[in-house]
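Asks: Quick one: the structure is below, questions incoming.
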Amino acid sequence: MSATLEKTGRFLSKLNQLALWAAGIGLVLMTIFVAWQVFCRYVLNDSPSWTEPGSVMLMSWFIFLGAAVGVRENYHLGFDVLLYVLPKGGKKWLRMISDLVAFAFGIGMIWYGGQLVALTWNTTLPSLGISGGWDYVPLVAGGAFVVLFTLERIVLRLSGAPIDDALDELPPAEVAAELDTANLKV
């Protein structure tokens, strides 16, 4: 693998970690916001107006960032049944098609999310006092991360890097047995 690909991979790994941490912090903050809203409503009898829209906005961030991390770490949704019966070369091309579809979806997120940001930028969210466009910025950011991470997978696969080898090691029956064993130990 070339030095450029290795440097890019290290940078994207750091970006991936940053997105994962941001998503985790967003989840914790959203939980705190909702807990505060419940406390204020039922104990103080005075709900703050910012907690619900703030929580929804944070939820958008951690959902879209978490989805992008799932794409990079190959935890995104997929239909793998066909992959178990195909030879290794066929699996490579189906995974490539899956990455191309995810790449196109990321482009759509950026394009249509950008249009939503532009349409709502001049409005103000009354409870937060910020532009309504901020509701859709997570869609654009998540799409950008999906594009970067799927592009990385596509380039690595085309360069001959063994990114799919770990996925091909165990047949389905052994994967199920490993999962059962792991569940018994817990």
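Ordered as shown in the structure tokens, chains take letters A, B, and onward, while each chain numbers its residues from 1 and ligands are numbered from 1 in the order shown.
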Considering only C-alpha atoms, return as a VMD selection string whatever protein or nucleic-acid residues lie within 10 Å of Val69 in chain A, sequence-local ones (same chain, fewer than 6 positions apart) excluded.
Replies: chain A and resid 13 15 to 20 23 63 75 to 76 142 145 to 146 149
Asks: Would you save the residues of that selection, restricted to C-alpha atoms, as an mmCIF file, in the first residue's frame?
Replies:
data_model
loop_
_atom_site.group_PDB
_atom_site.id
_atom_site.type_symbol
_atom_site.label_atom_id
_atom_site.label_comp_id
_atom_site.auth_asym_id
_atom_site.auth_seq_id
_atom_site.Cartn_x
_atom_site.Cartn_y
_atom_site.Cartn_z
ATOM 1 C CA SER A 13 -9.191 6.704 11.385
ATOM 2 C CA LEU A 15 -11.803 11.393 11.804
ATOM 3 C CA ASN A 16 -13.749 8.199 12.475
ATOM 4 C CA GLN A 17 -12.789 8.302 16.166
ATOM 5 C CA LEU A 18 -13.758 11.967 16.351
ATOM 6 C CA ALA A 19 -17.166 11.222 14.798
ATOM 7 C CA LEU A 20 -17.678 8.303 17.188
ATOM 8 C CA ALA A 23 -21.893 10.856 18.538
ATOM 9 C CA ILE A 63 -27.539 9.224 14.311
ATOM 10 C CA TYR A 75 -21.302 -2.419 10.608
ATOM 11 C CA HIS A 76 -23.877 -0.799 8.346
ATOM 12 C CA GLY A 142 -23.179 12.659 7.922
ATOM 13 C CA PHE A 145 -18.514 11.316 6.269
ATOM 14 C CA VAL A 146 -20.307 8.498 4.420
ATOM 15 C CA PHE A 149 -15.504 6.496 4.311
#
Asks: For the structure I just gave you, how does DSSP split range 19-162 of chain A - specifically, which residues are helix (DSSP H, G or I)? Reply as a PDB file with C-alpha atoms, in the first residue's frame.
Replies:
ATOM      1  CA  ALA A  19     -17.166  11.222  14.798  1.00  0.00           C
ATOM      2  CA  LEU A  20     -17.678   8.303  17.188  1.00  0.00           C
ATOM      3  CA  TRP A  21     -16.804  10.408  20.226  1.00  0.00           C
ATOM      4  CA  ALA A  22     -19.002  13.282  19.020  1.00  0.00           C
ATOM      5  CA  ALA A  23     -21.893  10.856  18.538  1.00  0.00           C
ATOM      6  CA  GLY A  24     -21.360   9.392  22.004  1.00  0.00           C
ATOM      7  CA  ILE A  25     -21.176  12.806  23.644  1.00  0.00           C
ATOM      8  CA  GLY A  26     -24.324  13.839  21.745  1.00  0.00           C
ATOM      9  CA  LEU A  27     -26.145  10.781  23.075  1.00  0.00           C
ATOM     10  CA  VAL A  28     -25.127  11.580  26.646  1.00  0.00           C
ATOM     11  CA  LEU A  29     -26.090  15.257  26.257  1.00  0.00           C
ATOM     12  CA  MET A  30     -29.461  14.331  24.766  1.00  0.00           C
ATOM     13  CA  THR A  31     -30.117  12.050  27.740  1.00  0.00           C
ATOM     14  CA  ILE A  32     -29.226  14.872  30.124  1.00  0.00           C
ATOM     15  CA  PHE A  33     -31.505  17.306  28.247  1.00  0.00           C
ATOM     16  CA  VAL A  34     -34.442  14.902  28.386  1.00  0.00           C
ATOM     17  CA  ALA A  35     -33.834  14.142  32.063  1.00  0.00           C
ATOM     18  CA  TRP A  36     -33.729  17.880  32.788  1.00  0.00           C
ATOM     19  CA  GLN A  37     -36.980  18.398  30.901  1.00  0.00           C
ATOM     20  CA  VAL A  38     -38.718  15.617  32.863  1.00  0.00           C
ATOM     21  CA  PHE A  39     -37.381  16.973  36.179  1.00  0.00           C
ATOM     22  CA  CYS A  40     -38.485  20.511  35.337  1.00  0.00           C
ATOM     23  CA  ARG A  41     -41.914  19.402  34.152  1.00  0.00           C
ATOM     24  CA  TYR A  42     -42.835  17.087  37.014  1.00  0.00           C
ATOM     25  CA  THR A  51     -34.808  20.889  25.745  1.00  0.00           C
ATOM     26  CA  GLU A  52     -36.986  19.087  23.197  1.00  0.00           C
ATOM     27  CA  PRO A  53     -35.681  20.795  20.023  1.00  0.00           C
ATOM     28  CA  GLY A  54     -32.151  20.659  21.417  1.00  0.00           C
ATOM     29  CA  SER A  55     -32.496  16.936  22.060  1.00  0.00           C
ATOM     30  CA  VAL A  56     -33.869  16.282  18.583  1.00  0.00           C
ATOM     31  CA  MET A  57     -31.010  18.221  16.999  1.00  0.00           C
ATOM     32  CA  LEU A  58     -28.447  16.284  19.063  1.00  0.00           C
ATOM     33  CA  MET A  59     -30.173  13.058  18.080  1.00  0.00           C
ATOM     34  CA  SER A  60     -29.751  13.975  14.407  1.00  0.00           C
ATOM     35  CA  TRP A  61     -26.041  14.496  14.954  1.00  0.00           C
ATOM     36  CA  PHE A  62     -25.387  11.226  16.712  1.00  0.00           C
ATOM     37  CA  ILE A  63     -27.539   9.224  14.311  1.00  0.00           C
ATOM     38  CA  PHE A  64     -25.853  10.533  11.172  1.00  0.00           C
ATOM     39  CA  LEU A  65     -22.319  10.471  12.624  1.00  0.00           C
ATOM     40  CA  GLY A  66     -22.904   6.999  14.040  1.00  0.00           C
ATOM     41  CA  ALA A  67     -24.193   5.766  10.689  1.00  0.00           C
ATOM     42  CA  ALA A  68     -21.054   7.067   8.973  1.00  0.00           C
ATOM     43  CA  VAL A  69     -18.869   5.301  11.536  1.00  0.00           C
ATOM     44  CA  GLY A  70     -20.855   2.130  10.864  1.00  0.00           C
ATOM     45  CA  VAL A  71     -20.097   2.472   7.159  1.00  0.00           C
ATOM     46  CA  ARG A  72     -16.357   2.773   7.788  1.00  0.00           C
ATOM     47  CA  LEU A  82     -25.731 -14.334  -0.739  1.00  0.00           C
ATOM     48  CA  LEU A  83     -22.145 -13.579   0.288  1.00  0.00           C
ATOM     49  CA  TYR A  84     -21.907 -16.873   2.187  1.00  0.00           C
ATOM     50  CA  LYS A  88     -14.246 -14.888  -2.891  1.00  0.00           C
ATOM     51  CA  GLY A  89     -14.119 -12.929  -6.186  1.00  0.00           C
ATOM     52  CA  GLY A  90     -17.899 -12.617  -6.325  1.00  0.00           C
ATOM     53  CA  LYS A  91     -18.015 -11.429  -2.724  1.00  0.00           C
ATOM     54  CA  LYS A  92     -15.528  -8.688  -3.554  1.00  0.00           C
ATOM     55  CA  TRP A  93     -17.734  -7.326  -6.330  1.00  0.00           C
ATOM     56  CA  LEU A  94     -20.938  -7.480  -4.290  1.00  0.00           C
ATOM     57  CA  ARG A  95     -19.203  -5.589  -1.498  1.00  0.00           C
ATOM     58  CA  MET A  96     -17.990  -3.075  -4.062  1.00  0.00           C
ATOM     59  CA  ILE A  97     -21.557  -2.613  -5.309  1.00  0.00           C
ATOM     60  CA  SER A  98     -22.697  -2.142  -1.711  1.00  0.00           C
ATOM     61  CA  ASP A  99     -20.039   0.521  -1.185  1.00  0.00           C
ATOM     62  CA  LEU A 100     -20.995   2.265  -4.432  1.00  0.00           C
ATOM     63  CA  VAL A 101     -24.635   2.359  -3.326  1.00  0.00           C
ATOM     64  CA  ALA A 102     -23.601   3.778   0.070  1.00  0.00           C
ATOM     65  CA  PHE A 103     -21.403   6.330  -1.742  1.00  0.00           C
ATOM     66  CA  ALA A 104     -24.337   7.415  -3.928  1.00  0.00           C
ATOM     67  CA  PHE A 105     -26.562   7.611  -0.856  1.00  0.00           C
ATOM     68  CA  GLY A 106     -23.970   9.852   0.842  1.00  0.00           C
ATOM     69  CA  ILE A 107     -23.917  12.126  -2.221  1.00  0.00           C
ATOM     70  CA  GLY A 108     -27.722  12.315  -2.014  1.00  0.00           C
ATOM     71  CA  MET A 109     -27.519  13.197   1.677  1.00  0.00           C
ATOM     72  CA  ILE A 110     -25.139  16.051   0.890  1.00  0.00           C
ATOM     73  CA  TRP A 111     -27.129  17.311  -2.110  1.00  0.00           C
ATOM     74  CA  TYR A 112     -30.633  17.170  -0.689  1.00  0.00           C
ATOM     75  CA  GLY A 113     -29.518  18.042   2.826  1.00  0.00           C
ATOM     76  CA  GLY A 114     -27.747  21.098   1.418  1.00  0.00           C
ATOM     77  CA  GLN A 115     -30.963  22.127  -0.293  1.00  0.00           C
ATOM     78  CA  LEU A 116     -32.861  21.789   2.997  1.00  0.00           C
ATOM     79  CA  VAL A 117     -30.218  23.863   4.784  1.00  0.00           C
ATOM     80  CA  ALA A 118     -30.470  26.569   2.119  1.00  0.00           C
ATOM     81  CA  LEU A 119     -34.284  26.602   2.244  1.00  0.00           C
ATOM     82  CA  THR A 120     -34.455  26.921   6.017  1.00  0.00           C
ATOM     83  CA  GLY A 132     -33.544  26.558  11.115  1.00  0.00           C
ATOM     84  CA  GLY A 133     -30.842  25.355   8.741  1.00  0.00           C
ATOM     85  CA  TRP A 134     -28.994  23.863  11.703  1.00  0.00           C
ATOM     86  CA  ASP A 135     -31.673  21.164  11.831  1.00  0.00           C
ATOM     87  CA  VAL A 137     -26.594  20.378   8.886  1.00  0.00           C
ATOM     88  CA  PRO A 138     -26.175  16.915  10.517  1.00  0.00           C
ATOM     89  CA  LEU A 139     -27.608  15.357   7.336  1.00  0.00           C
ATOM     90  CA  VAL A 140     -24.978  17.096   5.220  1.00  0.00           C
ATOM     91  CA  ALA A 141     -22.152  16.310   7.655  1.00  0.00           C
ATOM     92  CA  GLY A 142     -23.179  12.659   7.922  1.00  0.00           C
ATOM     93  CA  GLY A 143     -23.344  12.443   4.136  1.00  0.00           C
ATOM     94  CA  ALA A 144     -19.846  13.908   3.836  1.00  0.00           C
ATOM     95  CA  PHE A 145     -18.514  11.316   6.269  1.00  0.00           C
ATOM     96  CA  VAL A 146     -20.307   8.498   4.420  1.00  0.00           C
ATOM     97  CA  VAL A 147     -18.803   9.682   1.128  1.00  0.00           C
ATOM     98  CA  LEU A 148     -15.294   9.877   2.602  1.00  0.00           C
ATOM     99  CA  PHE A 149     -15.504   6.496   4.311  1.00  0.00           C
ATOM    100  CA  THR A 150     -17.017   4.633   1.353  1.00  0.00           C
ATOM    101  CA  LEU A 151     -14.555   6.270  -1.023  1.00  0.00           C
ATOM    102  CA  GLU A 152     -11.764   5.010   1.226  1.00  0.00           C
ATOM    103  CA  ARG A 153     -13.153   1.457   1.091  1.00  0.00           C
ATOM    104  CA  ILE A 154     -13.529   1.624  -2.702  1.00  0.00           C
ATOM    105  CA  VAL A 155      -9.984   2.940  -3.234  1.00  0.00           C
ATOM    106  CA  LEU A 156      -8.494   0.376  -0.845  1.00  0.00           C
ATOM    107  CA  ARG A 157     -10.337  -2.476  -2.527  1.00  0.00           C
ATOM    108  CA  LEU A 158      -9.230  -1.310  -5.990  1.00  0.00           C
TER     109      LEU A 158
END
Asks: Pick the closest to Trp50 in chain A from A:Thr4, A:Asn74, A:Ser127, A:Asn122: which is it, counting only C-alpha atoms?
Replies: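 Result for the nearest residue to Trp50 in chain A: A:Ser127.
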Asks: What is the CA of Leu12 in chain A-CA of Glu73 in chain A distance in Å, reported with one decimal?
Replies: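 Computing the Euclidean distance for CA of Leu12 in chain A and CA of Glu73 in chain A yields 11.3 Å.
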